[in-house]
$ cat structure.txt   # compact mmCIF, C-alpha atoms
# COMPACT_ATOMS: atom_id res chain seq x y z
CA MET X 250 105.49 143.39 53.15
CA ASN X 251 108.47 142.58 55.33
CA ILE X 252 108.52 140.04 58.13
CA MET X 253 108.22 142.69 60.85
CA ASP X 254 105.07 144.17 59.30
CA PHE X 255 103.59 140.69 58.99
CA ASN X 256 104.33 139.89 62.66
CA VAL X 257 102.83 143.19 63.79
CA LYS X 258 99.63 142.56 61.85
CA LYS X 259 99.42 138.97 63.13
CA PHE X 260 99.89 140.14 66.71
CA ALA X 261 97.17 142.77 66.25
CA ALA X 262 94.78 140.18 64.80
CA ASP X 263 95.48 137.72 67.66
CA ALA X 264 95.00 140.50 70.21
CA GLY X 265 91.69 141.45 68.60
CA THR X 266 90.52 137.83 68.63
CA PHE X 267 91.52 137.43 72.28
CA LEU X 268 89.70 140.63 73.23
CA SER X 269 86.59 139.57 71.35
CA ARG X 270 86.54 136.21 73.15
CA ALA X 271 87.10 137.88 76.52
CA VAL X 272 84.22 140.29 75.97
CA GLN X 273 81.92 137.48 74.83
CA PHE X 274 82.87 135.29 77.80
CA THR X 275 82.31 138.15 80.28
CA GLU X 276 78.94 139.08 78.83
CA GLU X 277 77.85 135.43 78.98
CA LYS X 278 78.76 135.25 82.65
CA LEU X 279 76.80 138.45 83.28
CA GLY X 280 73.83 137.13 81.32
CA GLN X 281 74.14 139.87 78.70
CA ALA X 282 74.92 137.60 75.73
CA GLU X 283 73.57 134.35 74.33
CA LYS X 284 75.65 131.19 74.41
CA THR X 285 75.64 128.35 71.87
CA GLU X 286 75.03 125.12 73.77
CA LEU X 287 76.74 121.87 72.84
CA ASP X 288 74.52 118.97 71.86
CA ALA X 289 73.57 116.53 74.62
CA HIS X 290 75.67 113.67 73.21
CA LEU X 291 78.83 115.78 73.19
CA GLU X 292 78.12 117.03 76.71
CA ASN X 293 77.73 113.45 77.95
CA LEU X 294 81.02 112.48 76.30
CA LEU X 295 82.79 115.42 77.95
CA SER X 296 81.36 114.47 81.33
CA LYS X 297 82.45 110.86 80.87
CA ALA X 298 85.99 111.95 79.94
CA GLU X 299 86.26 114.18 83.03
CA CYS X 300 84.97 111.39 85.26
CA THR X 301 87.44 108.93 83.73
CA LYS X 302 90.33 111.32 84.26
CA LEU X 303 89.34 112.04 87.87
CA TRP X 304 89.04 108.42 88.96
CA THR X 305 92.04 107.27 86.93
CA GLU X 306 94.21 109.78 88.80
CA LYS X 307 92.85 108.68 92.18
CA ILE X 308 93.26 104.97 91.44
CA MET X 309 96.76 105.52 90.07
CA LYS X 310 97.94 107.57 93.07
CA GLN X 311 96.47 105.17 95.62
CA THR X 312 97.98 102.18 93.82
CA GLU X 313 101.37 103.88 94.05
CA VAL X 314 100.80 104.35 97.80
CA LEU X 315 99.83 100.68 98.13
CA LEU X 316 102.91 99.45 96.31
CA GLN X 317 105.27 101.94 97.94
CA PRO X 318 103.98 103.28 101.27
CA ASN X 319 107.10 105.41 101.87
CA PRO X 320 106.41 108.93 100.44
CA ASN X 321 110.12 109.79 100.35
CA ALA X 322 110.84 106.70 98.29
CA ARG X 323 108.03 107.63 95.87
CA ILE X 324 109.45 111.15 95.47
CA GLU X 325 112.91 109.73 94.83
CA GLU X 326 111.58 107.32 92.20
CA PHE X 327 109.67 110.20 90.54
CA VAL X 328 112.80 112.38 90.39
CA TYR X 329 114.93 109.61 88.90
CA GLU X 330 112.19 108.84 86.39
CA LYS X 331 112.06 112.48 85.26
CA LEU X 332 115.87 112.50 84.98
CA ASP X 333 115.66 109.28 82.95
CA ARG X 334 118.01 107.59 85.39
CA LYS X 335 117.73 104.32 87.28
CA ALA X 336 117.04 104.70 90.99
CA PRO X 337 119.63 103.08 93.30
CA SER X 338 118.68 99.60 94.44
CA ARG X 339 117.83 99.32 98.12
CA MET X 340 116.42 96.61 100.35
CA ASN X 341 112.68 96.83 100.85
CA ASN X 342 111.13 96.47 104.31
CA PRO X 343 110.63 92.65 104.27
CA GLU X 344 114.17 92.13 102.95
CA LEU X 345 115.64 94.43 105.61
CA LEU X 346 113.69 92.70 108.37
CA GLY X 347 114.79 89.33 107.01
CA GLN X 348 118.45 90.36 107.01
CA TYR X 349 118.20 91.59 110.62
CA MET X 350 116.64 88.27 111.66
CA ILE X 351 119.33 86.25 109.91
CA ASP X 352 122.12 88.33 111.43
CA ALA X 353 120.54 87.99 114.89
CA GLY X 354 120.09 84.25 114.45
CA ASN X 355 123.76 83.82 113.50
CA GLU X 356 124.75 85.96 116.47
CA PHE X 357 122.67 83.90 118.93
CA GLY X 358 123.83 80.68 117.31
CA PRO X 359 122.21 78.63 114.52
CA GLY X 360 122.35 75.60 116.83
CA THR X 361 119.99 77.20 119.36
CA ALA X 362 116.24 76.96 118.94
CA TYR X 363 115.76 80.74 118.89
CA GLY X 364 118.68 81.39 116.56
CA ASN X 365 117.53 78.68 114.18
CA ALA X 366 113.96 80.04 114.19
CA LEU X 367 115.21 83.58 113.49
CA ILE X 368 117.21 82.41 110.52
CA LYS X 369 114.24 80.49 109.09
CA CYS X 370 111.96 83.52 109.58
CA GLY X 371 114.56 85.82 108.05
CA GLU X 372 114.92 83.67 104.94
CA THR X 373 111.14 83.67 104.53
CA GLN X 374 110.94 87.46 104.94
CA LYS X 375 113.58 87.90 102.23
CA ARG X 376 111.60 85.65 99.89
CA ILE X 377 108.52 87.79 100.59
CA GLY X 378 110.62 90.87 99.81
CA THR X 379 111.58 89.38 96.44
CA ALA X 380 107.93 88.63 95.69
CA ASP X 381 107.10 92.23 96.68
CA ARG X 382 109.61 93.54 94.14
CA GLU X 383 108.09 91.37 91.44
CA LEU X 384 104.59 92.65 92.29
CA ILE X 385 105.74 96.29 92.09
CA GLN X 386 107.53 95.76 88.78
CA THR X 387 104.67 93.84 87.17
CA SER X 388 102.05 96.30 88.41
CA ALA X 389 104.06 99.29 87.21
CA ILE X 390 104.38 97.87 83.69
CA ASN X 391 100.94 96.34 83.25
CA PHE X 392 98.75 98.69 85.29
CA LEU X 393 100.25 102.02 86.34
CA THR X 394 102.00 102.83 83.05
CA PRO X 395 98.81 102.53 80.92
CA LEU X 396 96.89 104.70 83.38
CA ARG X 397 99.66 107.30 83.38
CA ASN X 398 99.81 107.23 79.57
CA PHE X 399 96.11 108.09 79.45
CA ILE X 400 96.48 111.03 81.86
CA GLU X 401 99.64 112.41 80.25
CA GLY X 402 98.77 111.56 76.66
CA ASP X 403 95.20 110.95 75.55
CA TYR X 404 93.55 113.23 78.09
CA LYS X 405 95.95 116.08 77.38
CA THR X 406 95.00 115.84 73.71
CA ILE X 407 91.31 115.86 74.66
CA THR X 408 91.88 118.92 76.86
CA LYS X 409 93.67 120.74 74.04
CA GLU X 410 90.90 120.03 71.52
CA ARG X 411 88.23 120.93 74.06
CA LYS X 412 89.90 124.29 74.63
CA LEU X 413 89.95 124.87 70.88
CA LEU X 414 86.25 124.01 70.76
CA GLN X 415 85.56 126.56 73.49
CA ASN X 416 87.45 129.24 71.54
CA LYS X 417 85.58 128.39 68.33
CA ARG X 418 82.28 128.67 70.19
CA LEU X 419 83.23 132.06 71.60
CA ASP X 420 84.19 133.21 68.09
CA LEU X 421 80.84 132.01 66.74
CA ASP X 422 78.79 133.67 69.48
CA ALA X 423 80.79 136.91 69.17
CA ALA X 424 80.07 136.91 65.42
CA LYS X 425 76.36 136.37 66.12
CA THR X 426 76.39 139.28 68.56
CA ARG X 427 78.01 141.56 65.98
CA LEU X 428 75.41 140.48 63.40
CA LYS X 429 72.60 141.49 65.75
CA LYS X 430 74.22 144.86 66.33
CA ALA X 431 74.87 145.55 62.63
CA LYS X 432 72.67 148.36 61.26
CA VAL X 433 73.71 149.01 57.67
CA ALA X 434 73.37 146.42 54.91
CA GLU X 435 77.10 146.26 54.21
CA ALA X 436 77.90 145.55 57.86
CA LYS X 437 75.17 142.92 58.01
CA ALA X 438 76.56 141.16 54.93
CA ALA X 439 80.06 141.07 56.42
CA SER X 440 78.70 139.80 59.74
CA GLU X 441 76.67 137.08 58.05
CA GLN X 442 79.78 135.91 56.20
CA GLU X 443 81.69 135.87 59.47
CA VAL X 444 78.93 133.82 61.14
CA ARG X 445 79.02 131.24 58.33
CA ILE X 446 82.80 130.89 58.62
CA THR X 447 82.84 130.65 62.41
CA GLN X 448 79.90 128.22 62.37
CA SER X 449 81.81 125.97 59.94
CA GLU X 450 84.94 126.09 62.08
CA PHE X 451 82.93 125.38 65.22
CA ASP X 452 81.17 122.38 63.64
CA ARG X 453 84.49 121.00 62.40
CA GLN X 454 86.10 121.33 65.82
CA ALA X 455 83.05 119.81 67.51
CA GLU X 456 83.38 116.76 65.25
CA ILE X 457 87.10 116.39 66.01
CA THR X 458 86.40 116.62 69.75
CA ARG X 459 83.55 114.14 69.52
CA LEU X 460 85.71 111.55 67.74
CA LEU X 461 88.39 111.86 70.41
CA LEU X 462 85.88 111.58 73.22
CA GLU X 463 84.25 108.49 71.74
CA GLY X 464 87.65 106.81 72.20
CA ILE X 465 87.00 106.81 75.97
CA ASN X 466 85.06 103.55 75.54
CA SER X 467 88.20 101.96 74.07
CA THR X 468 90.19 103.41 76.97
CA HIS X 469 87.84 101.75 79.46
CA ALA X 470 88.22 98.41 77.67
CA HIS X 471 92.02 98.76 77.74
CA HIS X 472 92.04 99.73 81.41
CA LEU X 473 89.85 96.71 82.18
CA ARG X 474 92.50 94.43 80.68
CA CYS X 475 95.17 96.24 82.70
CA LEU X 476 93.06 95.85 85.85
CA THR X 477 92.83 92.12 85.23
CA ASP X 478 96.62 91.95 84.91
CA PHE X 479 96.96 93.82 88.21
CA VAL X 480 94.60 91.41 89.96
CA ASP X 481 96.56 88.46 88.53
CA ALA X 482 99.80 89.98 89.83
CA GLN X 483 98.29 90.47 93.28
CA MET X 484 96.91 86.93 93.29
CA THR X 485 100.35 85.53 92.42
CA TYR X 486 101.97 87.67 95.13
CA TYR X 487 99.56 86.69 97.89
CA ALA X 488 99.69 83.03 96.86
CA GLN X 489 103.49 83.11 97.07
CA CYS X 490 103.39 84.82 100.48
CA TYR X 491 100.82 82.33 101.73
CA GLN X 492 102.95 79.40 100.60
CA TYR X 493 106.09 80.90 102.13
CA MET X 494 104.36 81.44 105.47
CA LEU X 495 102.75 78.00 105.31
CA ASP X 496 106.16 76.39 104.86
CA LEU X 497 107.60 78.54 107.66
CA GLN X 498 104.77 77.66 110.01
CA LYS X 499 105.34 73.97 109.35
CA GLN X 500 109.04 74.40 110.11
CA LEU X 501 108.32 76.30 113.32
CA GLY X 502 105.67 73.71 114.19
CA SER X 503 108.45 71.14 114.64
CA PHE X 504 109.90 73.20 117.51
CA PRO X 505 108.97 72.18 121.08
CA SER X 506 105.91 73.89 122.48
CA THR X 507 108.10 75.71 125.01
CA PHE X 508 109.29 77.93 122.16
CA ARG X 509 105.98 78.16 120.30
CA SER X 510 103.51 78.87 123.09
CA ASN X 511 103.00 82.35 124.51
CA ASN X 512 100.50 81.89 127.34
CA ASN X 513 100.35 82.51 131.05
CA GLN X 514 100.53 78.89 132.22
CA SER X 515 103.05 78.51 135.02
CA SER X 516 103.70 74.80 134.49
CA SER X 517 107.30 73.99 133.60
CA THR X 518 106.26 70.86 131.74
CA PRO X 519 106.56 71.38 127.96
CA VAL X 520 103.19 70.38 126.51
CA PRO X 521 102.92 70.45 122.69
CA SER X 522 99.40 71.68 121.96
CA VAL X 523 99.78 73.47 118.64
CA SER X 524 96.94 73.58 116.16
CA ALA X 525 97.73 75.53 112.99
CA PRO X 526 94.56 76.81 111.26
CA SER X 527 94.34 77.63 107.61
CA VAL X 528 95.72 81.10 106.89
CA LEU X 529 93.24 81.83 104.12
CA ALA X 530 89.52 81.40 104.67
CA SER X 531 89.11 80.15 101.11
CA ALA X 532 91.80 77.50 101.39
CA SER X 533 90.41 74.01 101.29
CA ALA X 534 93.19 72.45 103.37
CA SER X 535 94.34 73.33 106.85
CA LEU X 536 97.52 72.52 108.70
CA PRO X 537 97.45 69.30 110.72
CA SER X 538 96.95 69.67 114.46
CA VAL X 539 99.72 68.40 116.71
CA SER X 540 98.33 66.95 119.90
CA ASN X 541 100.06 65.51 122.97
CA SER X 542 98.98 61.99 122.02
CA VAL X 543 100.55 62.30 118.56
CA VAL X 544 103.86 63.57 119.92
CA THR X 545 104.11 60.95 122.66
CA SER X 546 102.76 57.96 120.72
CA GLY X 547 106.30 56.86 119.79
CA PHE X 548 107.20 56.66 123.46
CA ASN X 549 104.23 54.59 124.64
CA GLU X 550 105.97 51.29 124.03
CA LEU X 551 109.09 52.46 125.83
CA LYS X 552 107.08 53.66 128.84
CA ALA X 553 105.27 50.33 129.03
CA SER X 554 108.53 48.34 129.05
CA SER X 555 111.41 48.30 131.47
CA GLY X 556 114.08 48.65 128.78
CA SER X 557 115.93 51.64 127.34
CA ARG X 558 116.48 53.09 123.86
CA LYS X 559 118.72 55.57 122.13
CA ALA X 560 117.27 58.97 121.23
CA ARG X 561 118.54 61.91 119.21
CA VAL X 562 118.22 65.38 120.77
CA LEU X 563 116.31 67.78 118.51
CA TYR X 564 117.06 71.07 120.27
CA ASP X 565 119.28 72.50 122.98
CA TYR X 566 117.75 72.29 126.45
CA ASP X 567 119.01 73.94 129.64
CA ALA X 568 118.21 72.04 132.82
CA ALA X 569 115.91 73.97 135.15
CA ASN X 570 117.26 72.19 138.28
CA SER X 571 119.65 69.45 139.39
CA SER X 572 117.11 66.69 138.70
CA GLU X 573 117.12 67.49 134.95
CA LEU X 574 119.77 66.82 132.31
CA SER X 575 120.94 69.58 129.95
CA LEU X 576 120.88 68.64 126.26
CA LEU X 577 122.69 69.66 123.10
CA ALA X 578 121.06 69.46 119.68
CA ASP X 579 121.95 66.37 117.59
CA GLU X 580 123.63 64.47 120.42
CA VAL X 581 122.52 60.88 121.09
CA ILE X 582 121.59 59.80 124.62
CA ARG X 583 119.97 56.76 126.19
CA VAL X 584 116.49 57.14 127.68
CA TYR X 585 114.22 54.97 129.79
CA SER X 586 111.08 55.28 131.87
CA VAL X 587 110.95 55.44 135.66
CA PRO X 588 107.80 54.44 137.58
CA GLY X 589 105.86 57.44 138.87
CA MET X 590 107.53 59.92 136.47
CA ASP X 591 105.41 62.51 134.65
CA SER X 592 104.20 61.20 131.29
CA ASP X 593 105.94 64.08 129.42
CA TRP X 594 109.38 63.20 130.79
CA LEU X 595 111.90 60.35 130.57
CA MET X 596 115.14 59.62 132.40
CA GLY X 597 118.13 60.35 130.19
CA GLU X 598 121.72 59.17 130.49
CA ARG X 599 124.91 60.53 128.93
CA GLY X 600 127.92 58.63 130.22
CA ASN X 601 127.93 59.06 133.97
CA GLN X 602 125.40 61.93 133.81
CA LYS X 603 121.70 61.34 134.13
CA GLY X 604 118.56 63.35 134.73
CA LYS X 605 115.02 64.05 133.55
CA VAL X 606 114.57 65.11 129.91
CA PRO X 607 111.39 66.30 128.09
CA ILE X 608 110.20 63.88 125.43
CA THR X 609 109.31 66.74 123.04
CA TYR X 610 113.04 67.38 122.62
CA LEU X 611 113.76 63.80 121.58
CA GLU X 612 113.47 61.57 118.55
CA LEU X 613 113.70 57.82 119.26
CA LEU X 614 116.16 55.89 117.14
CA ASN X 615 115.64 52.35 115.88
$ encode --input "structure.txt" --output "structure tokens"
Amino acid sequence: MNIMDFNVKKFAADAGTFLSRAVQFTEEKLGQAEKTELDAHLENLLSKAECTKLWTEKIMKQTEVLLQPNPNARIEEFVYEKLDRKAPSRMNNPELLGQYMIDAGNEFGPGTAYGNALIKCGETQKRIGTADRELIQTSAINFLTPLRNFIEGDYKTITKERKLLQNKRLDLDAAKTRLKKAKVAEAKAASEQEVRITQSEFDRQAEITRLLLEGINSTHAHHLRCLTDFVDAQMTYYAQCYQYMLDLQKQLGSFPSTFRSNNNQSSSTPVPSVSAPSVLASASASLPSVSNSVVTSGFNELKASSGSRKARVLYDYDAANSSELSLLADEVIRVYSVPGMDSDWLMGERGNQKGKVPITYLELLN
């Protein structure tokens, strides 16, 4: 027998098997043929595998959306991954925002209150961006990759073996149908032999499928460990972000209330009344409140006396009218109290210039 004859016979046999399965499947759907049912344990395992696959896909896809909200960026990463190439490095959203803030702060002037605040906020946003990158990388390695390996590896194997089991069952039921239809003894004997063979093959394939499906419990245990790693990564990320924002809020808290308050009060008197609550409900410590009495306590002695003291200017201040004195950050002026003056103001002198200055812009020197 040459190779061509062998291939022709094999093709004919495969075509006959396919036709037999198709006829059996059609008759089952029409209720004209009996169907061998799988045992309850195997059915439960199959259902559990399908459920695991369904929810693993949903969790995996939504985690990808959480870590990378931009769909175009996700598509780009997918393409580069399939091409086995590294995606080009780009700034993420916090890093880009941070860079804009820093550039704006330098443009407005680092010596101004607003410029200085922008730079501080920008640096914090860039640190958050770095933490965001670390979260994405850690989550991809410890959480997403194992889930994807299950979908693209283990479950594909289960699907392949399940399909083989379905084919073996169709072969078995087709053989049983032929046995019922056999009339002569010789045909019955051949059909009985075929039923024994197909039954053996079906039982063997059912056992292989069962062993694979019982591995789903191990998959759940592995995914639980991966889930714990993901939660740890998120906890680290949010703790870092909380600490970064806590530090930033403390830095911004040192600015005069004129720059920190956003209310509708029409008073031109800068009144520091900042109270920084805890950012996280579970945190045991909260930021200290800054009240007017705390800010002005260093000036009480000066107000009670008739003398003067040197003071360092903390921030730039533009005089609102001719009775006030404009200030430059870090310059040193002399200040003293004048009877009848508002408690939040002092009289300041710089050479021959003098005028009212807000105490929240000053730091008394020894």
$ closest_residue --input "structure.txt" --among "X:Asp452, X:Glu580, X:Glu286, X:Asp481" --to "Tyr564 in chain X" --atoms "all atoms listed in the file"
X:Glu580
$ closest_residue --input "structure.txt" --among "X:Leu428, X:Ile385, X:Leu576, X:Val581" --to "Gln483 in chain X" --atoms "only C-alpha atoms"
X:Ile385
$ closest_residue --input "structure.txt" --among "X:Asn342, X:Glu550, X:Leu291, X:Leu595" --to "Pro318 in chain X" --atoms "all atoms listed in the file"
X:Asn342
$ residues_around --input "structure.txt" --residues "Ile446 in chain X" --least-positions-apart "5" --cutoff "12 Å" --atoms "only C-alpha atoms" --output "JSON, numbers by chain"
{"X": [417, 418, 420, 421, 422, 424, 425, 439, 440, 441, 451, 452, 453]}
$ residues_near_point --input "structure.txt" --point "(116.9, 87.7, 108.0)" --cutoff "6 Å" --atoms "only C-alpha atoms" --output "list in words"
Leu346, Gly347, Gln348, Tyr349, Met350, Ile351, Ile368, Gly371 and Glu372 of chain X
$ axis_aligned_box --input "structure.txt" --around "range 306-310 of chain X" --padding-each-side "6 Å" --output "AutoDock Vina command-line options"
--center_x 95.4 --center_y 107.4 --center_z 90.9 --size_x 17.1 --size_y 16.8 --size_z 16.3
$ residues_near_point --input "structure.txt" --point "(100.0, 108.6, 91.1)" --cutoff "12 Å" --atoms "only C-alpha atoms" --output "ChimeraX atom specification"
/X:303-317,320,323-324,326-327,389,392-398,400-401
$ residues_around --input "structure.txt" --residues "Tyr404 in chain X" --least-positions-apart "2" --cutoff "10 Å" --atoms "only C-alpha atoms" --output "list in words"
Ala298, Glu299, Thr301, Lys302, Asn398, Phe399, Ile400, Glu401, Gly402, Thr406, Ile407, Thr408, Lys409, Glu410, Leu461, Leu462 and Ile465 of chain X
$ atom_distance --input "structure.txt" --atom1 "CA of Gly378 in chain X" --atom2 "CA of Glu344 in chain X"
4.9 Å
$ closest_residue --input "structure.txt" --among "X:Glu356, X:Leu497, X:Cys300, X:Ala569" --to "Thr373 in chain X" --atoms "all atoms listed in the file"
X:Leu497
$ atom_distance --input "structure.txt" --atom1 "CA of Asn615 in chain X" --atom2 "CA of Leu551 in chain X"
11.9 Å
$ build_atoms --input "structure.txt" --residues "range 449-466 of chain X" --atoms "N, CA and C atoms" --output "CSV table (one decimal), keeping the file's coordinate frame"
chain,number,residue,atom,x,y,z
X,449,SER,N,81.1,127.1,60.6
X,449,SER,CA,81.8,126.0,59.9
X,449,SER,C,83.0,125.5,60.8
X,450,GLU,N,83.8,126.4,61.3
X,450,GLU,CA,84.9,126.1,62.1
X,450,GLU,C,84.5,125.4,63.4
X,451,PHE,N,83.4,125.9,64.0
X,451,PHE,CA,82.9,125.4,65.2
X,451,PHE,C,82.4,123.9,65.0
X,452,ASP,N,81.7,123.7,63.9
X,452,ASP,CA,81.2,122.4,63.6
X,452,ASP,C,82.3,121.4,63.4
X,453,ARG,N,83.3,121.9,62.7
X,453,ARG,CA,84.5,121.0,62.4
X,453,ARG,C,85.2,120.6,63.7
X,454,GLN,N,85.4,121.6,64.6
X,454,GLN,CA,86.1,121.3,65.8
X,454,GLN,C,85.3,120.5,66.8
X,455,ALA,N,83.9,120.6,66.7
X,455,ALA,CA,83.0,119.8,67.5
X,455,ALA,C,83.1,118.4,67.1
X,456,GLU,N,83.3,118.1,65.8
X,456,GLU,CA,83.4,116.8,65.2
X,456,GLU,C,84.7,116.1,65.7
X,457,ILE,N,85.8,116.9,65.6
X,457,ILE,CA,87.1,116.4,66.0
X,457,ILE,C,87.1,116.0,67.5
X,458,THR,N,86.5,116.9,68.3
X,458,THR,CA,86.4,116.6,69.8
X,458,THR,C,85.5,115.4,70.0
X,459,ARG,N,84.5,115.3,69.3
X,459,ARG,CA,83.6,114.1,69.5
X,459,ARG,C,84.2,112.8,69.2
X,460,LEU,N,85.0,112.8,68.1
X,460,LEU,CA,85.7,111.6,67.7
X,460,LEU,C,86.7,111.1,68.8
X,461,LEU,N,87.4,112.2,69.3
X,461,LEU,CA,88.4,111.9,70.4
X,461,LEU,C,87.7,111.3,71.7
X,462,LEU,N,86.6,112.0,72.0
X,462,LEU,CA,85.9,111.6,73.2
X,462,LEU,C,85.3,110.2,73.1
X,463,GLU,N,84.8,109.8,71.9
X,463,GLU,CA,84.2,108.5,71.7
X,463,GLU,C,85.3,107.4,71.9
X,464,GLY,N,86.6,107.8,71.9
X,464,GLY,CA,87.6,106.8,72.2
X,464,GLY,C,87.7,106.4,73.7
X,465,ILE,N,87.0,107.1,74.5
X,465,ILE,CA,87.0,106.8,76.0
X,465,ILE,C,86.5,105.4,76.2
X,466,ASN,N,85.5,104.9,75.4
X,466,ASN,CA,85.1,103.6,75.5
X,466,ASN,C,86.2,102.6,75.3
